[in-house]
$ cat data_23.pdb   # PDB, C-alpha atoms
ATOM      1  CA  MET A   1      44.283 -23.489   4.954  1.00  0.00           C
ATOM      2  CA  LEU A   2      47.171 -25.807   4.142  1.00  0.00           C
ATOM      3  CA  THR A   3      49.416 -24.960   1.235  1.00  0.00           C
ATOM      4  CA  GLN A   4      50.075 -27.602  -1.392  1.00  0.00           C
ATOM      5  CA  GLU A   5      53.540 -28.164   0.054  1.00  0.00           C
ATOM      6  CA  GLN A   6      52.183 -28.590   3.586  1.00  0.00           C
ATOM      7  CA  ALA A   7      49.489 -31.015   2.425  1.00  0.00           C
ATOM      8  CA  GLU A   8      52.067 -33.111   0.558  1.00  0.00           C
ATOM      9  CA  ARG A   9      54.417 -33.123   3.561  1.00  0.00           C
ATOM     10  CA  ILE A  10      51.607 -34.341   5.817  1.00  0.00           C
ATOM     11  CA  GLU A  11      50.532 -36.989   3.294  1.00  0.00           C
ATOM     12  CA  GLN A  12      54.106 -38.290   3.096  1.00  0.00           C
ATOM     13  CA  ALA A  13      54.343 -38.353   6.898  1.00  0.00           C
ATOM     14  CA  VAL A  14      51.142 -40.406   7.136  1.00  0.00           C
ATOM     15  CA  GLN A  15      52.361 -42.845   4.492  1.00  0.00           C
ATOM     16  CA  THR A  16      55.717 -43.269   6.266  1.00  0.00           C
ATOM     17  CA  ALA A  17      54.079 -43.731   9.666  1.00  0.00           C
ATOM     18  CA  GLU A  18      51.565 -46.282   8.386  1.00  0.00           C
ATOM     19  CA  ALA A  19      54.361 -48.377   6.875  1.00  0.00           C
ATOM     20  CA  THR A  20      55.336 -49.399  10.409  1.00  0.00           C
ATOM     21  CA  THR A  21      51.889 -50.052  11.881  1.00  0.00           C
ATOM     22  CA  SER A  22      48.570 -51.683  11.047  1.00  0.00           C
ATOM     23  CA  SER A  23      46.809 -48.595  12.404  1.00  0.00           C
ATOM     24  CA  GLU A  24      45.182 -46.191   9.976  1.00  0.00           C
ATOM     25  CA  ILE A  25      46.265 -42.623  10.686  1.00  0.00           C
ATOM     26  CA  ALA A  26      44.186 -39.710   9.424  1.00  0.00           C
ATOM     27  CA  VAL A  27      44.716 -35.970   9.713  1.00  0.00           C
ATOM     28  CA  CYS A  28      42.041 -33.275   9.624  1.00  0.00           C
ATOM     29  CA  VAL A  29      42.928 -29.583   9.545  1.00  0.00           C
ATOM     30  CA  GLN A  30      39.937 -27.230   9.648  1.00  0.00           C
ATOM     31  CA  ARG A  31      39.837 -23.451   9.506  1.00  0.00           C
ATOM     32  CA  THR A  32      37.094 -23.500  12.128  1.00  0.00           C
ATOM     33  CA  SER A  33      34.923 -26.148  13.764  1.00  0.00           C
ATOM     34  CA  GLY A  34      31.837 -24.018  14.240  1.00  0.00           C
ATOM     35  CA  ASP A  35      29.924 -21.834  11.844  1.00  0.00           C
ATOM     36  CA  ASP A  36      30.242 -18.293  13.173  1.00  0.00           C
ATOM     37  CA  ARG A  37      28.671 -16.722  10.075  1.00  0.00           C
ATOM     38  CA  GLY A  38      25.338 -16.474  11.867  1.00  0.00           C
ATOM     39  CA  LEU A  39      26.955 -14.544  14.697  1.00  0.00           C
ATOM     40  CA  ALA A  40      28.811 -12.349  12.183  1.00  0.00           C
ATOM     41  CA  ALA A  41      25.487 -11.610  10.464  1.00  0.00           C
ATOM     42  CA  ILE A  42      23.884 -10.655  13.796  1.00  0.00           C
ATOM     43  CA  ILE A  43      26.778  -8.308  14.607  1.00  0.00           C
ATOM     44  CA  GLY A  44      26.484  -6.732  11.149  1.00  0.00           C
ATOM     45  CA  ALA A  45      22.720  -6.298  11.557  1.00  0.00           C
ATOM     46  CA  VAL A  46      23.120  -4.730  15.006  1.00  0.00           C
ATOM     47  CA  LEU A  47      25.651  -2.257  13.635  1.00  0.00           C
ATOM     48  CA  PHE A  48      23.321  -1.435  10.727  1.00  0.00           C
ATOM     49  CA  VAL A  49      20.461  -0.634  13.120  1.00  0.00           C
ATOM     50  CA  ALA A  50      22.763   1.350  15.447  1.00  0.00           C
ATOM     51  CA  ILE A  51      24.230   3.508  12.680  1.00  0.00           C
ATOM     52  CA  TYR A  52      20.827   4.185  11.113  1.00  0.00           C
ATOM     53  CA  THR A  53      19.083   4.935  14.418  1.00  0.00           C
ATOM     54  CA  ILE A  54      21.800   7.161  15.880  1.00  0.00           C
ATOM     55  CA  GLY A  55      22.537   8.863  12.566  1.00  0.00           C
ATOM     56  CA  THR A  56      18.931   9.810  11.813  1.00  0.00           C
ATOM     57  CA  ALA A  57      18.358  10.895  15.439  1.00  0.00           C
ATOM     58  CA  ILE A  58      21.393  13.185  15.696  1.00  0.00           C
ATOM     59  CA  TRP A  59      21.737  14.402  12.127  1.00  0.00           C
ATOM     60  CA  TRP A  60      18.008  14.427  11.301  1.00  0.00           C
ATOM     61  CA  ASN A  61      18.467  16.955   8.499  1.00  0.00           C
ATOM     62  CA  PHE A  62      20.250  14.371   6.326  1.00  0.00           C
ATOM     63  CA  ASP A  63      18.237  12.215   3.973  1.00  0.00           C
ATOM     64  CA  PRO A  64      17.297   8.924   5.747  1.00  0.00           C
ATOM     65  CA  LEU A  65      18.228   7.050   2.553  1.00  0.00           C
ATOM     66  CA  VAL A  66      21.803   8.329   2.918  1.00  0.00           C
ATOM     67  CA  TRP A  67      21.943   6.979   6.463  1.00  0.00           C
ATOM     68  CA  ALA A  68      20.476   3.683   5.276  1.00  0.00           C
ATOM     69  CA  GLY A  69      23.260   3.440   2.692  1.00  0.00           C
ATOM     70  CA  VAL A  70      25.974   4.291   5.226  1.00  0.00           C
ATOM     71  CA  ALA A  71      24.505   1.804   7.710  1.00  0.00           C
ATOM     72  CA  LEU A  72      24.314  -0.900   5.043  1.00  0.00           C
ATOM     73  CA  VAL A  73      27.953  -0.414   4.029  1.00  0.00           C
ATOM     74  CA  GLY A  74      29.010  -0.451   7.683  1.00  0.00           C
ATOM     75  CA  GLY A  75      27.015  -3.612   8.406  1.00  0.00           C
ATOM     76  CA  ILE A  76      28.420  -5.433   5.370  1.00  0.00           C
ATOM     77  CA  LEU A  77      31.982  -4.382   6.223  1.00  0.00           C
ATOM     78  CA  VAL A  78      31.669  -5.585   9.809  1.00  0.00           C
ATOM     79  CA  PHE A  79      30.104  -8.868   8.644  1.00  0.00           C
ATOM     80  CA  TRP A  80      33.006  -9.407   6.214  1.00  0.00           C
ATOM     81  CA  LEU A  81      35.626  -8.659   8.875  1.00  0.00           C
ATOM     82  CA  CYS A  82      33.966 -10.967  11.424  1.00  0.00           C
ATOM     83  CA  ASP A  83      33.635 -13.752   8.865  1.00  0.00           C
ATOM     84  CA  ARG A  84      37.108 -13.323   7.363  1.00  0.00           C
ATOM     85  CA  PHE A  85      39.007 -13.208  10.654  1.00  0.00           C
ATOM     86  CA  ASP A  86      36.671 -15.397  12.768  1.00  0.00           C
ATOM     87  CA  LEU A  87      36.006 -12.435  15.069  1.00  0.00           C
ATOM     88  CA  GLY A  88      32.600 -13.848  15.923  1.00  0.00           C
ATOM     89  CA  LEU A  89      34.307 -16.740  17.699  1.00  0.00           C
ATOM     90  CA  ARG A  90      35.913 -14.291  20.118  1.00  0.00           C
ATOM     91  CA  CYS A  91      32.433 -13.399  21.380  1.00  0.00           C
ATOM     92  CA  LEU A  92      31.652 -16.983  22.351  1.00  0.00           C
ATOM     93  CA  PRO A  93      32.608 -18.616  25.660  1.00  0.00           C
ATOM     94  CA  ALA A  94      35.589 -20.981  25.477  1.00  0.00           C
ATOM     95  CA  ARG A  95      33.342 -23.787  26.739  1.00  0.00           C
ATOM     96  CA  LEU A  96      31.137 -23.535  23.639  1.00  0.00           C
ATOM     97  CA  LEU A  97      34.132 -23.380  21.297  1.00  0.00           C
ATOM     98  CA  VAL A  98      35.591 -26.558  22.774  1.00  0.00           C
ATOM     99  CA  LYS A  99      32.205 -28.267  22.589  1.00  0.00           C
ATOM    100  CA  ASP A 100      31.851 -27.406  18.885  1.00  0.00           C
ATOM    101  CA  ALA A 101      35.408 -28.557  18.149  1.00  0.00           C
ATOM    102  CA  ARG A 102      34.908 -31.878  19.939  1.00  0.00           C
ATOM    103  CA  ARG A 103      31.664 -32.445  18.050  1.00  0.00           C
ATOM    104  CA  ALA A 104      33.381 -31.670  14.734  1.00  0.00           C
ATOM    105  CA  ALA A 105      36.270 -34.019  15.555  1.00  0.00           C
ATOM    106  CA  ARG A 106      33.933 -36.917  16.266  1.00  0.00           C
ATOM    107  CA  ALA A 107      31.886 -36.220  13.161  1.00  0.00           C
ATOM    108  CA  THR A 108      35.078 -36.250  11.070  1.00  0.00           C
ATOM    109  CA  PHE A 109      36.114 -39.557  12.652  1.00  0.00           C
ATOM    110  CA  LEU A 110      32.801 -41.187  11.762  1.00  0.00           C
ATOM    111  CA  ASP A 111      32.386 -39.558   8.334  1.00  0.00           C
ATOM    112  CA  ASN A 112      35.715 -40.995   7.214  1.00  0.00           C
ATOM    113  CA  ASP A 113      34.930 -44.547   8.427  1.00  0.00           C
ATOM    114  CA  LEU A 114      37.734 -44.526  10.971  1.00  0.00           C
ATOM    115  CA  ASP A 115      35.451 -46.512  13.259  1.00  0.00           C
ATOM    116  CA  ASN A 116      35.196 -49.262  10.666  1.00  0.00           C
ATOM    117  CA  THR A 117      38.735 -50.645  10.319  1.00  0.00           C
ATOM    118  CA  PRO A 118      39.196 -54.403  10.938  1.00  0.00           C
ATOM    119  CA  GLU A 119      41.460 -53.988  13.965  1.00  0.00           C
ATOM    120  CA  ARG A 120      39.601 -50.956  15.365  1.00  0.00           C
ATOM    121  CA  ASN A 121      42.926 -49.161  15.847  1.00  0.00           C
ATOM    122  CA  ALA A 122      42.546 -46.104  13.603  1.00  0.00           C
ATOM    123  CA  VAL A 123      43.711 -42.733  14.914  1.00  0.00           C
ATOM    124  CA  LEU A 124      42.629 -39.220  13.910  1.00  0.00           C
ATOM    125  CA  LEU A 125      44.698 -36.095  14.510  1.00  0.00           C
ATOM    126  CA  PHE A 126      42.201 -33.231  14.487  1.00  0.00           C
ATOM    127  CA  VAL A 127      43.258 -29.567  14.320  1.00  0.00           C
ATOM    128  CA  SER A 128      40.850 -26.629  14.292  1.00  0.00           C
ATOM    129  CA  ARG A 129      42.847 -23.466  13.711  1.00  0.00           C
ATOM    130  CA  ALA A 130      40.361 -20.754  14.712  1.00  0.00           C
ATOM    131  CA  GLU A 131      39.679 -22.354  18.086  1.00  0.00           C
ATOM    132  CA  HIS A 132      43.344 -23.395  18.597  1.00  0.00           C
ATOM    133  CA  TYR A 133      41.942 -26.846  19.279  1.00  0.00           C
ATOM    134  CA  VAL A 134      43.939 -30.060  18.876  1.00  0.00           C
ATOM    135  CA  GLU A 135      42.763 -33.570  19.706  1.00  0.00           C
ATOM    136  CA  ILE A 136      43.832 -37.122  18.955  1.00  0.00           C
ATOM    137  CA  LEU A 137      40.909 -39.540  18.606  1.00  0.00           C
ATOM    138  CA  PRO A 138      41.818 -43.246  18.760  1.00  0.00           C
ATOM    139  CA  ASP A 139      39.386 -46.018  17.922  1.00  0.00           C
ATOM    140  CA  ARG A 140      38.489 -48.648  20.507  1.00  0.00           C
ATOM    141  CA  ALA A 141      41.569 -50.903  20.331  1.00  0.00           C
ATOM    142  CA  ALA A 142      44.017 -48.000  20.148  1.00  0.00           C
ATOM    143  CA  ALA A 143      42.299 -46.286  23.086  1.00  0.00           C
ATOM    144  CA  ALA A 144      42.575 -49.484  25.147  1.00  0.00           C
ATOM    145  CA  ALA A 145      46.257 -50.068  24.318  1.00  0.00           C
ATOM    146  CA  ILE A 146      47.570 -46.500  24.602  1.00  0.00           C
ATOM    147  CA  THR A 147      46.965 -44.274  27.606  1.00  0.00           C
ATOM    148  CA  PRO A 148      45.392 -40.793  27.346  1.00  0.00           C
ATOM    149  CA  ALA A 149      48.577 -39.327  28.822  1.00  0.00           C
ATOM    150  CA  GLN A 150      50.590 -40.630  25.865  1.00  0.00           C
ATOM    151  CA  TRP A 151      48.214 -39.030  23.377  1.00  0.00           C
ATOM    152  CA  GLU A 152      48.257 -35.803  25.379  1.00  0.00           C
ATOM    153  CA  GLY A 153      52.047 -35.801  25.281  1.00  0.00           C
ATOM    154  CA  ILE A 154      51.923 -35.725  21.480  1.00  0.00           C
ATOM    155  CA  VAL A 155      49.338 -32.936  21.548  1.00  0.00           C
ATOM    156  CA  GLU A 156      51.474 -30.834  23.901  1.00  0.00           C
ATOM    157  CA  ALA A 157      54.563 -31.361  21.734  1.00  0.00           C
ATOM    158  CA  PHE A 158      52.503 -30.260  18.724  1.00  0.00           C
ATOM    159  CA  ARG A 159      51.390 -27.096  20.517  1.00  0.00           C
ATOM    160  CA  ARG A 160      54.992 -26.214  21.390  1.00  0.00           C
ATOM    161  CA  GLN A 161      56.180 -26.796  17.833  1.00  0.00           C
ATOM    162  CA  MET A 162      53.426 -24.577  16.445  1.00  0.00           C
ATOM    163  CA  HIS A 163      55.257 -21.618  18.035  1.00  0.00           C
ATOM    164  CA  GLN A 164      58.564 -22.637  16.473  1.00  0.00           C
ATOM    165  CA  THR A 165      57.723 -23.911  13.002  1.00  0.00           C
ATOM    166  CA  ASP A 166      54.964 -23.968  10.386  1.00  0.00           C
ATOM    167  CA  LEU A 167      51.741 -25.959  10.585  1.00  0.00           C
ATOM    168  CA  GLY A 168      52.756 -28.549   8.004  1.00  0.00           C
ATOM    169  CA  GLU A 169      55.931 -29.509   9.830  1.00  0.00           C
ATOM    170  CA  ALA A 170      54.248 -29.550  13.247  1.00  0.00           C
ATOM    171  CA  VAL A 171      51.491 -31.851  11.942  1.00  0.00           C
ATOM    172  CA  ALA A 172      54.028 -34.101  10.177  1.00  0.00           C
ATOM    173  CA  ASN A 173      56.018 -34.444  13.410  1.00  0.00           C
ATOM    174  CA  ALA A 174      52.847 -35.270  15.361  1.00  0.00           C
ATOM    175  CA  VAL A 175      51.948 -37.917  12.781  1.00  0.00           C
ATOM    176  CA  ALA A 176      55.424 -39.450  13.101  1.00  0.00           C
ATOM    177  CA  ALA A 177      55.001 -39.597  16.890  1.00  0.00           C
ATOM    178  CA  ILE A 178      51.571 -41.216  16.520  1.00  0.00           C
ATOM    179  CA  GLY A 179      53.057 -43.761  14.103  1.00  0.00           C
ATOM    180  CA  LYS A 180      55.856 -44.698  16.522  1.00  0.00           C
ATOM    181  CA  LEU A 181      53.390 -45.152  19.359  1.00  0.00           C
ATOM    182  CA  CYS A 182      51.020 -47.267  17.280  1.00  0.00           C
ATOM    183  CA  ALA A 183      53.870 -49.383  15.891  1.00  0.00           C
ATOM    184  CA  VAL A 184      54.711 -50.545  19.421  1.00  0.00           C
ATOM    185  CA  HIS A 185      51.216 -51.923  19.998  1.00  0.00           C
ATOM    186  CA  PHE A 186      50.077 -52.595  16.420  1.00  0.00           C
ATOM    187  CA  PRO A 187      53.122 -53.426  14.282  1.00  0.00           C
ATOM    188  CA  ALA A 188      52.658 -53.771  10.532  1.00  0.00           C
ATOM    189  CA  ALA A 189      52.114 -57.301   9.288  1.00  0.00           C
ATOM    190  CA  GLY A 190      51.308 -58.970   5.970  1.00  0.00           C
ATOM    191  CA  ALA A 191      49.991 -56.813   3.149  1.00  0.00           C
ATOM    192  CA  ASN A 192      49.188 -53.960   5.561  1.00  0.00           C
ATOM    193  CA  ALA A 193      46.407 -52.576   3.380  1.00  0.00           C
ATOM    194  CA  ASP A 194      45.925 -48.813   3.309  1.00  0.00           C
ATOM    195  CA  ARG A 195      42.153 -48.357   3.643  1.00  0.00           C
ATOM    196  CA  VAL A 196      41.991 -44.638   4.445  1.00  0.00           C
ATOM    197  CA  SER A 197      43.327 -41.814   2.290  1.00  0.00           C
ATOM    198  CA  ASN A 198      46.617 -40.332   3.477  1.00  0.00           C
ATOM    199  CA  ARG A 199      45.672 -36.869   2.225  1.00  0.00           C
ATOM    200  CA  PRO A 200      44.829 -34.423   5.026  1.00  0.00           C
ATOM    201  CA  ILE A 201      41.124 -33.714   5.358  1.00  0.00           C
ATOM    202  CA  GLN A 202      40.425 -30.002   4.983  1.00  0.00           C
ATOM    203  CA  SER A 203      37.306 -27.891   5.287  1.00  0.00           C
TER     204      SER A 203
END

$ encode --input "data_23.pdb" --output "structure tokens"
Amino acid sequence: MLTQEQAERIEQAVQTAEATTSSEIAVCVQRTSGDDRGLAAIIGAVLFVAIYTIGTAIWWNFDPLVWAGVALVGGILVFWLCDRFDLGLRCLPARLLVKDARRAARATFLDNDLDNTPERNAVLLFVSRAEHYVEILPDRAAAAAITPAQWEGIVEAFRRQMHQTDLGEAVANAVAAIGKLCAVHFPAAGANADRVSNRPIQS
């Protein structure tokens, strides 16, 4: 996940961006949107059965308990590898991965009350690392004022920067771009209360 330095850099970027606009800007960086542990467990169980069945069939003179132990170790190791490196996600169709990521992004938006700001102009930058999924979710007023192509331009710039710099800097730059765009349509005025935490949401 994010290092302490990256999290602080993103928080500072959000605070700076929000100083120029009445929009609330939130950032969510997730390791993965979906839970692939179930798939990892299935893969581990299949390997356990395969090792035990093939082992006892070919080398029948070995004690079946030995094969059960070998199969158990193999199954646990494969489960750990799949879970640790999100290998289970590679077995799923891209369509399902995108669907899970979109669902997670919308749940994050609602769970953090970004749909409940007075001006309805909050914006969420959502990043799911395992799926390589990035989306900007604007609330109603921000969606009406700013075109999808403008949001997509920020997303594409973020994707390019991810190949050139670290995650913290790429996210901070995306936040700055979101802030500039929002400031044009929703400039800061009055007390400009900060109703949503500037800390990046992580899970």

$ closest_residue --input "data_23.pdb" --among "A:Ile25, A:Ile58, A:Cys182, A:Ile51" --to "A:Val70" --atoms "all atoms listed in the file"
A:Ile51

$ residues_near_point --input "data_23.pdb" --point "(42.0, -27.3, 14.5)" --cutoff "8 Å" --atoms "only C-alpha atoms" --output "PyMOL selection string"
chain A and resi 28-33+101+126-134

$ atom_distance --input "data_23.pdb" --atom1 "atom CA of A:Ile136" --atom2 "atom CA of A:Trp151"
6.5 Å

$ residues_around --input "data_23.pdb" --residues "A:Ala177" --least-positions-apart "2" --cutoff "10 Å" --atoms "all atoms listed in the file" --output "PyMOL selection string"
chain A and resi 17+151+153-155+157-158+171-175+179-183

$ closest_residue --input "data_23.pdb" --among "A:Ala68, A:Ile10, A:Ala144, A:Ile201" --to "A:Phe186" --atoms "only C-alpha atoms"
A:Ala144

$ resolve_selection --input "data_23.pdb" --expression "the PyMOL selection byres ((chain A and resi 191) around 12)" --output "mmCIF file with C-alpha atoms, in the frame of the given file"
data_model
loop_
_atom_site.group_PDB
_atom_site.id
_atom_site.type_symbol
_atom_site.label_atom_id
_atom_site.label_comp_id
_atom_site.auth_asym_id
_atom_site.auth_seq_id
_atom_site.Cartn_x
_atom_site.Cartn_y
_atom_site.Cartn_z
ATOM 1 C CA GLU A 18 51.565 -46.282 8.386
ATOM 2 C CA ALA A 19 54.361 -48.377 6.875
ATOM 3 C CA THR A 20 55.336 -49.399 10.409
ATOM 4 C CA THR A 21 51.889 -50.052 11.881
ATOM 5 C CA SER A 22 48.570 -51.683 11.047
ATOM 6 C CA ALA A 188 52.658 -53.771 10.532
ATOM 7 C CA ALA A 189 52.114 -57.301 9.288
ATOM 8 C CA GLY A 190 51.308 -58.970 5.970
ATOM 9 C CA ASN A 192 49.188 -53.960 5.561
ATOM 10 C CA ALA A 193 46.407 -52.576 3.380
ATOM 11 C CA ASP A 194 45.925 -48.813 3.309
ATOM 12 C CA ARG A 195 42.153 -48.357 3.643
#
